[in-house]
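Undergrad: Here you go, this is final-v6.tsv (TSV, C-alpha atoms).
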chain	number	residue	atom	x	y	z
U	1	MET	CA	-18.13	0.87	-11.13
U	2	THR	CA	-15.78	-1.83	-12.22
U	3	SER	CA	-16.85	-5.32	-13.27
U	4	SER	CA	-13.43	-6.83	-13.91
U	5	ILE	CA	-11.52	-9.12	-11.54
U	6	LEU	CA	-8.55	-6.82	-11.38
U	7	PRO	CA	-7.68	-3.61	-13.24
U	8	ASP	CA	-6.14	-4.32	-16.66
U	9	SER	CA	-2.86	-2.72	-15.54
U	10	ARG	CA	-2.41	-5.46	-12.93
U	11	LEU	CA	-3.25	-8.37	-15.23
U	12	SER	CA	0.02	-7.96	-17.11
U	13	ILE	CA	2.11	-8.77	-14.04
U	14	LEU	CA	0.31	-11.99	-13.20
U	15	PRO	CA	1.84	-15.33	-14.17
U	16	ALA	CA	0.61	-16.68	-17.50
U	17	ALA	CA	-1.18	-19.60	-15.82
U	18	VAL	CA	-3.19	-17.25	-13.59
U	19	SER	CA	-4.11	-15.08	-16.57
U	20	LEU	CA	-5.36	-18.19	-18.34
U	21	LEU	CA	-7.49	-19.11	-15.35
U	22	LEU	CA	-8.97	-15.61	-15.30
U	23	GLU	CA	-9.95	-15.96	-18.94
U	24	GLN	CA	-11.69	-19.28	-18.22
U	25	ILE	CA	-13.53	-17.82	-15.23
U	26	VAL	CA	-14.80	-14.90	-17.28
U	27	GLN	CA	-16.14	-17.32	-19.92
U	28	GLN	CA	-18.24	-19.23	-17.37
U	29	THR	CA	-21.97	-18.60	-17.17
U	30	TYR	CA	-23.22	-16.46	-14.30
U	31	PRO	CA	-27.04	-16.50	-14.48
U	32	ALA	CA	-29.13	-13.44	-13.76
U	33	SER	CA	-31.87	-13.56	-11.11
U	34	ALA	CA	-29.55	-15.47	-8.80
U	35	LEU	CA	-28.17	-14.97	-5.30
U	36	TYR	CA	-24.43	-15.67	-5.12
U	37	VAL	CA	-23.27	-16.78	-1.67
U	38	VAL	CA	-19.62	-15.73	-1.61
U	39	ALA	CA	-17.04	-16.82	0.97
U	40	THR	CA	-14.53	-14.10	1.89
U	41	PRO	CA	-11.18	-14.33	3.73
U	42	ILE	CA	-11.19	-14.99	7.48
U	43	GLY	CA	-7.93	-13.11	7.89
U	44	ASN	CA	-5.47	-13.25	5.04
U	45	VAL	CA	-6.82	-11.22	2.12
U	46	GLY	CA	-4.97	-13.52	-0.27
U	47	ASP	CA	-7.37	-16.35	0.54
U	48	ILE	CA	-10.18	-15.03	-1.64
U	49	SER	CA	-10.75	-17.00	-4.84
U	50	LEU	CA	-10.40	-15.61	-8.35
U	51	ARG	CA	-13.96	-16.67	-9.05
U	52	ALA	CA	-15.22	-14.80	-5.99
U	53	LEU	CA	-13.49	-11.63	-7.16
U	54	HIS	CA	-15.03	-11.97	-10.59
U	55	VAL	CA	-18.53	-12.47	-9.19
U	56	LEU	CA	-18.18	-9.56	-6.77
U	57	GLY	CA	-17.23	-7.42	-9.73
U	58	LYS	CA	-20.12	-8.70	-11.84
U	59	VAL	CA	-23.10	-8.52	-9.47
U	60	ASP	CA	-25.46	-5.55	-9.29
U	61	ALA	CA	-25.22	-5.24	-5.51
U	62	ILE	CA	-23.73	-6.96	-2.46
U	63	ALA	CA	-25.67	-7.82	0.69
U	64	CYS	CA	-23.24	-7.74	3.59
U	65	GLU	CA	-23.10	-8.05	7.35
U	66	ASP	CA	-21.27	-4.75	7.89
U	67	THR	CA	-20.97	-2.28	5.02
U	68	ARG	CA	-17.80	-0.75	6.48
U	69	ASN	CA	-15.95	-4.05	6.49
U	70	THR	CA	-17.11	-4.93	3.00
U	71	VAL	CA	-16.11	-1.54	1.60
U	72	HIS	CA	-12.64	-2.11	3.03
U	73	LEU	CA	-12.46	-5.59	1.48
U	74	LEU	CA	-13.62	-4.40	-1.95
U	75	THR	CA	-11.21	-1.49	-1.90
U	76	ARG	CA	-8.30	-3.89	-1.40
U	77	TYR	CA	-9.14	-5.43	-4.78
U	78	GLY	CA	-10.06	-2.26	-6.64
U	79	LEU	CA	-13.80	-3.03	-6.63
U	80	SER	CA	-16.79	-0.84	-5.87
U	81	LYS	CA	-20.44	-1.93	-5.66
U	82	PRO	CA	-23.73	-0.77	-4.10
U	83	LEU	CA	-24.06	-2.38	-0.68
U	84	LEU	CA	-27.12	-3.61	1.22
U	85	ALA	CA	-26.80	-4.00	4.99
U	86	ALA	CA	-27.92	-7.55	5.83
U	87	HIS	CA	-27.34	-8.36	9.50
U	88	GLN	CA	-29.07	-10.52	12.10
U	89	HIS	CA	-31.60	-7.82	12.97
U	90	ASN	CA	-32.96	-7.18	9.47
U	91	GLU	CA	-32.53	-10.42	7.52
U	92	ARG	CA	-36.24	-10.95	6.85
U	93	GLN	CA	-36.77	-7.41	5.64
U	94	ILE	CA	-33.67	-7.28	3.44
U	95	ALA	CA	-34.55	-10.69	2.00
U	96	GLU	CA	-37.77	-9.20	0.62
U	97	GLN	CA	-35.81	-6.41	-1.07
U	98	ILE	CA	-33.32	-8.88	-2.51
U	99	ILE	CA	-36.09	-11.08	-3.91
U	100	VAL	CA	-37.70	-8.11	-5.67
U	101	ARG	CA	-34.39	-7.19	-7.27
U	102	LEU	CA	-33.64	-10.77	-8.28
U	103	GLN	CA	-37.07	-11.07	-9.87
U	104	LYS	CA	-36.16	-8.06	-12.00
U	105	GLY	CA	-33.14	-9.95	-13.36
U	106	GLU	CA	-30.37	-8.66	-11.11
U	107	ARG	CA	-27.49	-10.62	-9.61
U	108	ILE	CA	-26.93	-10.14	-5.89
U	109	ALA	CA	-23.95	-11.38	-3.87
U	110	LEU	CA	-24.23	-12.29	-0.19
U	111	VAL	CA	-21.14	-12.00	2.03
U	112	SER	CA	-20.42	-11.92	5.75
U	113	ASP	CA	-17.63	-10.06	7.53
U	114	ALA	CA	-15.37	-13.08	7.21
U	115	GLY	CA	-15.64	-16.65	5.99
U	116	THR	CA	-18.69	-18.41	4.58
U	117	PRO	CA	-22.08	-16.71	5.09
U	118	ALA	CA	-24.73	-18.50	7.18
U	119	ILE	CA	-22.13	-20.46	9.20
U	120	SER	CA	-22.59	-18.82	12.62
U	121	ASP	CA	-23.08	-15.64	10.62
U	122	PRO	CA	-26.13	-13.94	9.08
U	123	GLY	CA	-27.38	-15.25	5.75
U	124	ALA	CA	-29.40	-18.41	6.33
U	125	ARG	CA	-32.75	-16.58	6.48
U	126	ILE	CA	-31.95	-14.74	3.26
U	127	VAL	CA	-30.99	-17.95	1.46
U	128	ASP	CA	-34.14	-19.65	2.78
U	129	ALA	CA	-36.37	-16.81	1.57
U	130	VAL	CA	-34.74	-16.69	-1.87
U	131	ARG	CA	-35.12	-20.46	-2.29
U	132	ASN	CA	-38.76	-20.34	-1.18
U	133	ALA	CA	-39.33	-17.68	-3.82
U	134	GLY	CA	-38.19	-20.17	-6.46
U	135	LEU	CA	-34.98	-18.29	-7.28
U	136	ARG	CA	-31.48	-19.70	-7.71
U	137	VAL	CA	-28.83	-19.71	-4.99
U	138	ILE	CA	-25.27	-20.27	-6.23
U	139	PRO	CA	-22.55	-20.89	-3.61
U	140	LEU	CA	-18.91	-19.97	-4.16
U	141	PRO	CA	-16.76	-22.10	-1.81
U	142	GLY	CA	-13.94	-20.54	0.16
U	143	ALA	CA	-12.57	-19.83	3.61
U	144	CYS	CA	-14.22	-21.34	6.69
U	145	ALA	CA	-12.53	-21.14	10.11
U	146	ALA	CA	-14.01	-24.43	11.34
U	147	ILE	CA	-12.87	-26.49	8.36
U	148	THR	CA	-9.45	-24.84	8.37
U	149	ALA	CA	-8.91	-25.66	12.05
U	150	ILE	CA	-10.09	-29.25	11.61
U	151	SER	CA	-7.63	-29.78	8.75
U	152	ALA	CA	-4.71	-28.79	11.01
U	153	SER	CA	-5.93	-30.52	14.18
U	154	GLY	CA	-4.72	-34.05	13.56
U	155	LEU	CA	-7.80	-35.38	15.35
U	156	LEU	CA	-8.46	-38.76	13.77
U	157	ASN	CA	-12.18	-38.65	13.14
U	158	ASP	CA	-14.08	-38.60	9.88
U	159	GLN	CA	-17.07	-36.91	11.53
U	160	PHE	CA	-17.52	-33.56	13.19
U	161	TYR	CA	-20.45	-31.93	14.99
U	162	PHE	CA	-20.60	-28.17	14.48
U	163	VAL	CA	-22.00	-26.42	17.54
U	164	GLY	CA	-20.96	-22.85	16.78
U	165	PHE	CA	-21.11	-20.24	19.53
U	166	LEU	CA	-22.07	-21.46	23.00
U	167	PRO	CA	-24.59	-19.59	25.20
U	168	ASN	CA	-23.20	-16.72	27.26
U	169	LYS	CA	-24.82	-17.77	30.52
U	170	THR	CA	-23.01	-20.47	32.48
U	171	GLN	CA	-26.03	-22.65	33.27
U	172	GLN	CA	-27.28	-22.64	29.69
U	173	ARG	CA	-23.79	-23.32	28.38
U	174	ASN	CA	-23.26	-26.24	30.75
U	175	THR	CA	-26.67	-27.73	29.94
U	176	LEU	CA	-25.90	-27.68	26.24
U	177	LEU	CA	-22.44	-29.16	26.73
U	178	ALA	CA	-23.80	-31.94	28.94
U	179	SER	CA	-26.11	-32.97	26.11
U	180	LEU	CA	-23.07	-33.42	23.86
U	181	ARG	CA	-21.08	-35.78	26.10
U	182	SER	CA	-22.04	-38.94	24.22
U	183	ILE	CA	-21.37	-37.66	20.70
U	184	ALA	CA	-18.51	-39.56	19.06
U	185	ALA	CA	-17.82	-36.91	16.41
U	186	THR	CA	-15.29	-34.13	16.95
U	187	LEU	CA	-17.10	-31.20	18.57
U	188	VAL	CA	-16.54	-27.81	16.94
U	189	PHE	CA	-17.14	-24.53	18.78
U	190	TYR	CA	-16.62	-20.87	17.95
U	191	GLU	CA	-15.74	-18.57	20.83
U	192	ALA	CA	-15.04	-14.90	21.40
U	193	PRO	CA	-11.83	-13.83	23.19
U	194	GLN	CA	-13.59	-12.46	26.26
U	195	ARG	CA	-15.38	-15.80	26.80
U	196	ILE	CA	-12.66	-18.32	25.94
U	197	ALA	CA	-11.62	-18.88	29.59
U	198	ALA	CA	-15.23	-19.50	30.66
U	199	CYS	CA	-15.68	-21.84	27.72
U	200	ILE	CA	-12.64	-23.93	28.69
U	201	GLU	CA	-13.75	-23.97	32.34
U	202	SER	CA	-17.13	-25.42	31.32
U	203	LEU	CA	-15.53	-28.01	29.05
U	204	VAL	CA	-13.18	-29.13	31.84
U	205	GLY	CA	-16.08	-29.46	34.25
U	206	ILE	CA	-18.22	-31.59	31.96
U	207	PHE	CA	-15.97	-33.70	29.73
U	208	GLU	CA	-13.26	-36.24	30.51
U	209	GLY	CA	-9.87	-34.65	31.08
U	210	GLU	CA	-8.06	-37.10	28.79
U	211	ARG	CA	-9.91	-35.92	25.71
U	212	GLN	CA	-7.77	-34.00	23.23
U	213	ILE	CA	-8.62	-30.35	22.64
U	214	VAL	CA	-7.41	-28.02	19.91
U	215	ILE	CA	-7.50	-24.26	20.51
U	216	ALA	CA	-7.09	-22.37	17.25
U	217	ARG	CA	-6.67	-18.60	17.50
U	218	GLU	CA	-6.52	-15.99	14.72
U	219	VAL	CA	-6.69	-18.64	11.98
U	220	SER	CA	-4.88	-17.47	8.78
U	221	LYS	CA	-3.83	-14.19	10.40
U	222	LEU	CA	-0.39	-12.88	11.36
U	223	PHE	CA	-0.49	-14.23	14.91
U	224	GLU	CA	-2.17	-17.55	14.12
U	225	GLU	CA	-1.77	-20.12	16.87
U	226	ILE	CA	-3.05	-23.71	16.91
U	227	HIS	CA	-2.43	-25.54	20.18
U	228	ARG	CA	-3.37	-29.13	20.97
U	229	CYS	CA	-3.27	-30.77	24.39
U	230	SER	CA	-5.38	-32.87	26.75
U	231	LEU	CA	-8.43	-31.06	28.09
U	232	SER	CA	-7.04	-31.30	31.62
U	233	LYS	CA	-4.13	-29.04	30.57
U	234	ALA	CA	-6.10	-26.51	28.54
U	235	ALA	CA	-6.83	-24.05	31.37
U	236	SER	CA	-3.18	-24.02	32.40
U	237	TRP	CA	-2.12	-23.31	28.83
U	238	LEU	CA	-4.52	-20.37	28.66
U	239	ASP	CA	-3.25	-19.00	31.98
U	240	HIS	CA	0.35	-19.01	30.73
U	241	HIS	CA	-0.45	-17.32	27.42
U	242	ALA	CA	-1.51	-13.77	28.20
U	243	HIS	CA	-1.98	-13.01	24.51
U	244	SER	CA	-4.29	-16.02	24.07
U	245	GLU	CA	-7.36	-14.00	25.00
U	246	LYS	CA	-7.06	-11.96	21.82
U	247	GLY	CA	-8.58	-12.83	18.48
U	248	GLU	CA	-11.40	-15.15	17.48
U	249	PHE	CA	-11.23	-18.82	18.46
U	250	VAL	CA	-12.14	-22.18	17.02
U	251	VAL	CA	-12.20	-24.88	19.70
U	252	LEU	CA	-12.19	-28.56	18.72
U	253	LEU	CA	-12.87	-31.26	21.28
U	254	GLU	CA	-12.22	-34.94	20.69
U	255	GLY	CA	-15.40	-36.99	20.48
U	256	ALA	CA	-16.48	-39.59	23.01
U	257	PRO	CA	-14.90	-42.98	22.28
U	258	ASN	CA	-17.33	-45.83	23.01
U	259	PHE	CA	-19.25	-43.58	25.37
U	260	THR	CA	-22.19	-45.22	27.14
U	261	ASP	CA	-24.77	-43.00	28.73
U	262	THR	CA	-26.19	-45.39	31.33
U	263	HIS	CA	-28.94	-42.99	32.37
U	264	ALA	CA	-30.20	-42.65	28.80
U	265	ASP	CA	-30.09	-46.44	28.39
U	266	GLU	CA	-32.14	-46.90	31.55
U	267	VAL	CA	-34.75	-44.36	30.47
U	268	GLU	CA	-35.10	-46.05	27.09
U	269	ALA	CA	-35.34	-49.51	28.64
U	270	LYS	CA	-38.10	-48.38	31.01
U	271	ARG	CA	-40.00	-46.75	28.15
U	272	VAL	CA	-39.91	-49.95	26.07
U	273	LEU	CA	-40.74	-52.22	29.01
U	274	ASN	CA	-43.65	-50.06	30.07
U	275	ILE	CA	-45.22	-50.55	26.65
U	276	LEU	CA	-44.53	-54.30	26.50
U	277	LEU	CA	-45.71	-55.06	30.05
U	278	ALA	CA	-49.18	-53.88	29.12
U	279	ALA	CA	-49.53	-56.91	26.83
U	280	CYS	CA	-46.79	-59.38	27.77
U	281	SER	CA	-45.53	-61.33	30.74
U	282	VAL	CA	-42.40	-60.15	32.52
U	283	LYS	CA	-40.32	-62.81	30.80
U	284	GLN	CA	-41.67	-62.02	27.34
U	285	ALA	CA	-41.31	-58.25	27.88
U	286	ALA	CA	-37.68	-58.66	28.95
U	287	SER	CA	-36.91	-60.87	25.96
U	288	LEU	CA	-38.48	-58.48	23.44
U	289	ALA	CA	-36.92	-55.43	25.10
U	290	ALA	CA	-33.49	-57.05	24.80
U	291	GLU	CA	-34.01	-57.44	21.05
U	292	ILE	CA	-35.25	-53.86	20.68
U	293	THR	CA	-32.66	-52.06	22.83
U	294	GLY	CA	-29.67	-54.39	22.61
U	295	GLN	CA	-29.38	-54.44	26.40
U	296	LYS	CA	-28.85	-57.57	28.50
U	297	LYS	CA	-31.94	-59.73	29.02
U	298	ASN	CA	-31.20	-60.54	32.70
U	299	ALA	CA	-30.92	-56.86	33.64
U	300	LEU	CA	-34.11	-56.06	31.72
U	301	TYR	CA	-35.93	-58.97	33.43
U	302	ALA	CA	-34.99	-57.60	36.86
U	303	MET	CA	-36.10	-54.11	35.82
U	304	ALA	CA	-39.38	-55.43	34.39
U	305	LEU	CA	-40.09	-57.47	37.52
U	306	LYS	CA	-39.55	-54.40	39.72
U	307	MET	CA	-41.79	-52.28	37.48
U	308	LYS	CA	-44.52	-54.94	37.53
U	309	THR	CA	-44.36	-55.17	41.32
U	310	GLN	CA	-44.56	-51.38	41.72
U	311	ASN	CA	-47.54	-51.21	39.39
U	312	THR	CA	-49.29	-53.99	41.31
U	313	ASP	CA	-48.70	-52.25	44.64
In structure tokens, how does this file's structure come out?

TA:
Amino acid sequence: MTSSILPDSRLSILPAAVSLLLEQIVQQTYPASALYVVATPIGNVGDISLRALHVLGKVDAIACEDTRNTVHLLTRYGLSKPLLAAHQHNERQIAEQIIVRLQKGERIALVSDAGTPAISDPGARIVDAVRNAGLRVIPLPGACAAITAISASGLLNDQFYFVGFLPNKTQQRNTLLASLRSIAATLVFYEAPQRIAACIESLVGIFEGERQIVIAREVSKLFEEIHRCSLSKAASWLDHHAHSEKGEFVVLLEGAPNFTDTHADEVEAKRVLNILLAACSVKQAASLAAEITGQKKNALYAMALKMKTQNTD
């Protein structure tokens, strides 16, 4: 089993600057009894970091989502390591095995099929268990489809709200999306090719058509496509791109500008007034509620008066 970044025969053809970087990486400290969370390419194999390659070559074993995919990835770089299957159905059990090995002084790497582990991929339960056991978790930054798509979107927002994969069932999907209507941050979704049309249909039905949407397909791969348009035109774009229903998707939706959810405001106002009316007059309750909620005093007075009358009746 090899523990080098690349075979010595390949090092000689690398630029001098890269060789120097490799030397510096090798000299860094990589503690034992630690779990290394390693980001892997989401498409282009050249997107893996030199540090990630070194760690994958140094660890005692690699916990991975699918051993077949990880074997293929390692082979591309001339690496070979014992693999532990760590998927969504066995995370708790494999975490116990990893902890035992870490306690013996081993180094274990955690990878997913693509991108950063634990981001809509298995891994979070393993990291949680290792941390709870008092052991170190060392992340190696790298490829992430969501961040990559955001960087190329041009959506002018310093905040984003990562939703991940939406529910498969229409009603559950629509209920979740409805709860996101008032969020001002850019909304970030992952979607599978067979569900992208249903996803767009739900977005069109729930959000304002003038919002900007970015549909990013096959990020970093040969047929990468990043399309931006108004939400009202998204379904039409999908219909005219037969190939669009291939590959994994990142969908970005512009956040709600100055969105006011009047129903939520009314519910909150009634909740506050109901408490205040138990101890205050209508006028006092309306005045205090205006300070608490920021809503207009006259509207709150009318609401409080109606509530008081209903309670009296």

Undergrad: Using all atoms listed in the file, can you tell me which of U:Val45, U:Ala95, U:Pro82, U:Ser151 comes closest to Gly115 of chain U?

TA: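 Counting all atoms listed in the file, the residue closest to Gly115 of chain U is U:Val45.
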
Undergrad: Could you tell me which of U:Tyr190, U:Phe207, U:Tyr36, U:Phe223 comes closest to Ile126 of chain U if we count all atoms listed in the file?

TA: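 Residue with the minimum atom-to-atom distance to Ile126 of chain U: U:Tyr36.
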
Undergrad: Mind pulling up the distance from atom CA of Ala52 of chain U to atom CA of Ala109 of chain U?

TA: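 Pair atom CA of Ala109 of chain U / atom CA of Ala52 of chain U returns 9.6 Å.
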
Undergrad: Grab the atom CA of Ser80 of chain U to atom CA of Leu56 of chain U distance for me, in Å with one decimal place.

TA: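 Separating atom CA of Ser80 of chain U from atom CA of Leu56 of chain U is a distance of 8.9 Å.
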
Undergrad: Find the spatial neighbours of Gly205 of chain U, counting all atoms listed in the file, within a cut-off of 12 Å - ignore same-chain residues fewer than 2 positions away - and output them as a compact mmCIF listing (two decimals) with C-alpha atoms, keeping the file's coordinate frame.

TA:
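Result file follows (selection_24.txt):
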# COMPACT_ATOMS: atom_id res chain seq x y z
CA THR U 170 -23.01 -20.47 32.48
CA ARG U 173 -23.79 -23.32 28.38
CA ASN U 174 -23.26 -26.24 30.75
CA THR U 175 -26.67 -27.73 29.94
CA LEU U 177 -22.44 -29.16 26.73
CA ALA U 178 -23.80 -31.94 28.94
CA ARG U 181 -21.08 -35.78 26.10
CA ALA U 198 -15.23 -19.50 30.66
CA CYS U 199 -15.68 -21.84 27.72
CA ILE U 200 -12.64 -23.93 28.69
CA GLU U 201 -13.75 -23.97 32.34
CA SER U 202 -17.13 -25.42 31.32
CA LEU U 203 -15.53 -28.01 29.05
CA PHE U 207 -15.97 -33.70 29.73
CA GLU U 208 -13.26 -36.24 30.51
CA GLY U 209 -9.87 -34.65 31.08
CA LEU U 231 -8.43 -31.06 28.09
CA SER U 232 -7.04 -31.30 31.62
CA ALA U 234 -6.10 -26.51 28.54
CA ALA U 235 -6.83 -24.05 31.37

Undergrad: Out of U:Asn69, U:Gly142, U:Leu20, U:Ser220, which residue has the shortest atom-to-atom distance to Ala39 of chain U when counting all atoms listed in the file?

TA: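 Among the listed residues, the smallest separation from Ala39 of chain U belongs to U:Gly142.
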
Undergrad: Residues within 10 Å of (-3.0, -20.2, 9.5), file coordinates, counting all atoms listed in the file: what are they? Give the list as JSON, numbers by chain.

TA: {"U": [42, 43, 44, 145, 148, 149, 152, 216, 217, 218, 219, 220, 221, 222, 223, 224, 225, 226]}

Undergrad: With all atoms listed in the file as the basis for distance, which of U:Thr70, U:Leu140, U:Ala129, U:Ala34 is at the shortest distance from Gln103 of chain U?

TA: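 Of all the options, U:Ala34 lies closest to Gln103 of chain U.
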
Undergrad: Which is closer to Pro117 of chain U than all the others in U:Cys229, U:Leu155, U:Ala63, U:Ala289, using all atoms listed in the file?

TA: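 Using all atoms listed in the file, the shortest distance to Pro117 of chain U belongs to U:Ala63.
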
Undergrad: Write out as a PyMOL selection string each polymer residue whose atoms come within 9 Å of Val37 of chain U, counting all atoms listed in the file; drop sequence neighbours fewer than 2 positions from it.

TA: chain U and resi 35+39+108-111+116-117+123+127+137-141

Undergrad: One decimal, Å: what's the distance from atom CA of Arg107 of chain U over to atom CA of Ile62 of chain U, could you say?

TA: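 Atom CA of Arg107 of chain U sits 8.9 Å away from atom CA of Ile62 of chain U.
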
Undergrad: Excluding Val251 of chain U and residues on its chain fewer than 3 positions from it, collect all residues at most 6 Å away from it, counting all atoms listed in the file, and give them as a list in words.

TA: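 That gives Val188, Phe189, Val214 and Ile215 of chain U.
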
Undergrad: Would you mind listing what lies within 7 Å of Ala86 of chain U as a PyMOL selection string, with all atoms listed in the file counted and same-chain residues fewer than 2 positions away left out?

TA: chain U and resi 63-65+84+90-91+94

Undergrad: Nearest to Leu102 of chain U: which of U:Asp47, U:Asp60, U:Glu191, U:Glu266 is it, counting all atoms listed in the file?

TA: U:Asp60

Undergrad: Please tell me which residues are no farther than 9 Å from (-40.3, -60.8, 31.8) in the file, counting all atoms listed in the file, and write them as a count of residues only.

TA: 17

Undergrad: If you count all atoms listed in the file, which residues fall within 7 Å of Ile213 of chain U, apart from same-chain ones fewer than 6 positions away, as a PyMOL selection string?

TA: chain U and resi 228-231+252-254

Undergrad: Since the input lacks some atoms of segment 109-126 of chain U, please model N, CA, C and O atoms and print them as an mmCIF file, keeping the file's coordinate frame.

TA:
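out01.cif, freshly written:
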data_model
loop_
_atom_site.group_PDB
_atom_site.id
_atom_site.type_symbol
_atom_site.label_atom_id
_atom_site.label_comp_id
_atom_site.auth_asym_id
_atom_site.auth_seq_id
_atom_site.Cartn_x
_atom_site.Cartn_y
_atom_site.Cartn_z
ATOM 1 N N ALA U 109 -24.892 -10.562 -4.643
ATOM 2 C CA ALA U 109 -23.950 -11.380 -3.870
ATOM 3 C C ALA U 109 -24.266 -11.239 -2.388
ATOM 4 O O ALA U 109 -24.715 -10.182 -1.927
ATOM 5 N N LEU U 110 -24.055 -12.300 -1.651
ATOM 6 C CA LEU U 110 -24.230 -12.290 -0.190
ATOM 7 C C LEU U 110 -22.894 -12.637 0.450
ATOM 8 O O LEU U 110 -22.309 -13.675 0.159
ATOM 9 N N VAL U 111 -22.399 -11.752 1.322
ATOM 10 C CA VAL U 111 -21.140 -12.000 2.030
ATOM 11 C C VAL U 111 -21.331 -11.701 3.509
ATOM 12 O O VAL U 111 -22.248 -10.986 3.898
ATOM 13 N N SER U 112 -20.463 -12.274 4.334
ATOM 14 C CA SER U 112 -20.420 -11.920 5.750
ATOM 15 C C SER U 112 -19.113 -11.175 5.996
ATOM 16 O O SER U 112 -18.339 -10.942 5.070
ATOM 17 N N ASP U 113 -18.866 -10.803 7.241
ATOM 18 C CA ASP U 113 -17.630 -10.060 7.530
ATOM 19 C C ASP U 113 -16.396 -10.894 7.237
ATOM 20 O O ASP U 113 -15.349 -10.366 6.855
ATOM 21 N N ALA U 114 -16.507 -12.191 7.445
ATOM 22 C CA ALA U 114 -15.370 -13.080 7.210
ATOM 23 C C ALA U 114 -15.867 -14.504 7.078
ATOM 24 O O ALA U 114 -16.757 -14.927 7.820
ATOM 25 N N GLY U 115 -15.293 -15.251 6.145
ATOM 26 C CA GLY U 115 -15.640 -16.650 5.990
ATOM 27 C C GLY U 115 -16.890 -16.866 5.146
ATOM 28 O O GLY U 115 -17.271 -16.031 4.328
ATOM 29 N N THR U 116 -17.528 -17.997 5.371
ATOM 30 C CA THR U 116 -18.690 -18.410 4.580
ATOM 31 C C THR U 116 -19.978 -17.922 5.238
ATOM 32 O O THR U 116 -20.215 -18.225 6.408
ATOM 33 N N PRO U 117 -20.818 -17.191 4.521
ATOM 34 C CA PRO U 117 -22.080 -16.710 5.090
ATOM 35 C C PRO U 117 -22.946 -17.858 5.599
ATOM 36 O O PRO U 117 -22.869 -18.983 5.096
ATOM 37 N N ALA U 118 -23.753 -17.559 6.615
ATOM 38 C CA ALA U 118 -24.730 -18.500 7.180
ATOM 39 C C ALA U 118 -24.103 -19.580 8.061
ATOM 40 O O ALA U 118 -24.797 -20.465 8.550
ATOM 41 N N ILE U 119 -22.784 -19.531 8.270
ATOM 42 C CA ILE U 119 -22.130 -20.460 9.200
ATOM 43 C C ILE U 119 -21.789 -19.655 10.449
ATOM 44 O O ILE U 119 -20.753 -19.019 10.530
ATOM 45 N N SER U 120 -22.697 -19.669 11.424
ATOM 46 C CA SER U 120 -22.590 -18.820 12.620
ATOM 47 C C SER U 120 -22.476 -17.352 12.240
ATOM 48 O O SER U 120 -21.841 -16.562 12.942
ATOM 49 N N ASP U 121 -23.040 -17.008 11.120
ATOM 50 C CA ASP U 121 -23.080 -15.640 10.620
ATOM 51 C C ASP U 121 -24.445 -15.432 9.970
ATOM 52 O O ASP U 121 -25.127 -16.410 9.626
ATOM 53 N N PRO U 122 -24.863 -14.178 9.772
ATOM 54 C CA PRO U 122 -26.130 -13.940 9.080
ATOM 55 C C PRO U 122 -26.110 -14.538 7.675
ATOM 56 O O PRO U 122 -25.052 -14.752 7.091
ATOM 57 N N GLY U 123 -27.283 -14.776 7.133
ATOM 58 C CA GLY U 123 -27.380 -15.250 5.750
ATOM 59 C C GLY U 123 -28.362 -16.368 5.532
ATOM 60 O O GLY U 123 -28.983 -16.473 4.477
ATOM 61 N N ALA U 124 -28.546 -17.242 6.516
ATOM 62 C CA ALA U 124 -29.400 -18.410 6.330
ATOM 63 C C ALA U 124 -30.842 -18.019 6.025
ATOM 64 O O ALA U 124 -31.496 -18.630 5.168
ATOM 65 N N ARG U 125 -31.363 -17.001 6.711
ATOM 66 C CA ARG U 125 -32.750 -16.580 6.480
ATOM 67 C C ARG U 125 -32.910 -16.003 5.069
ATOM 68 O O ARG U 125 -33.952 -16.179 4.434
ATOM 69 N N ILE U 126 -31.893 -15.301 4.607
ATOM 70 C CA ILE U 126 -31.950 -14.740 3.260
ATOM 71 C C ILE U 126 -31.948 -15.852 2.227
ATOM 72 O O ILE U 126 -32.755 -15.861 1.283
#
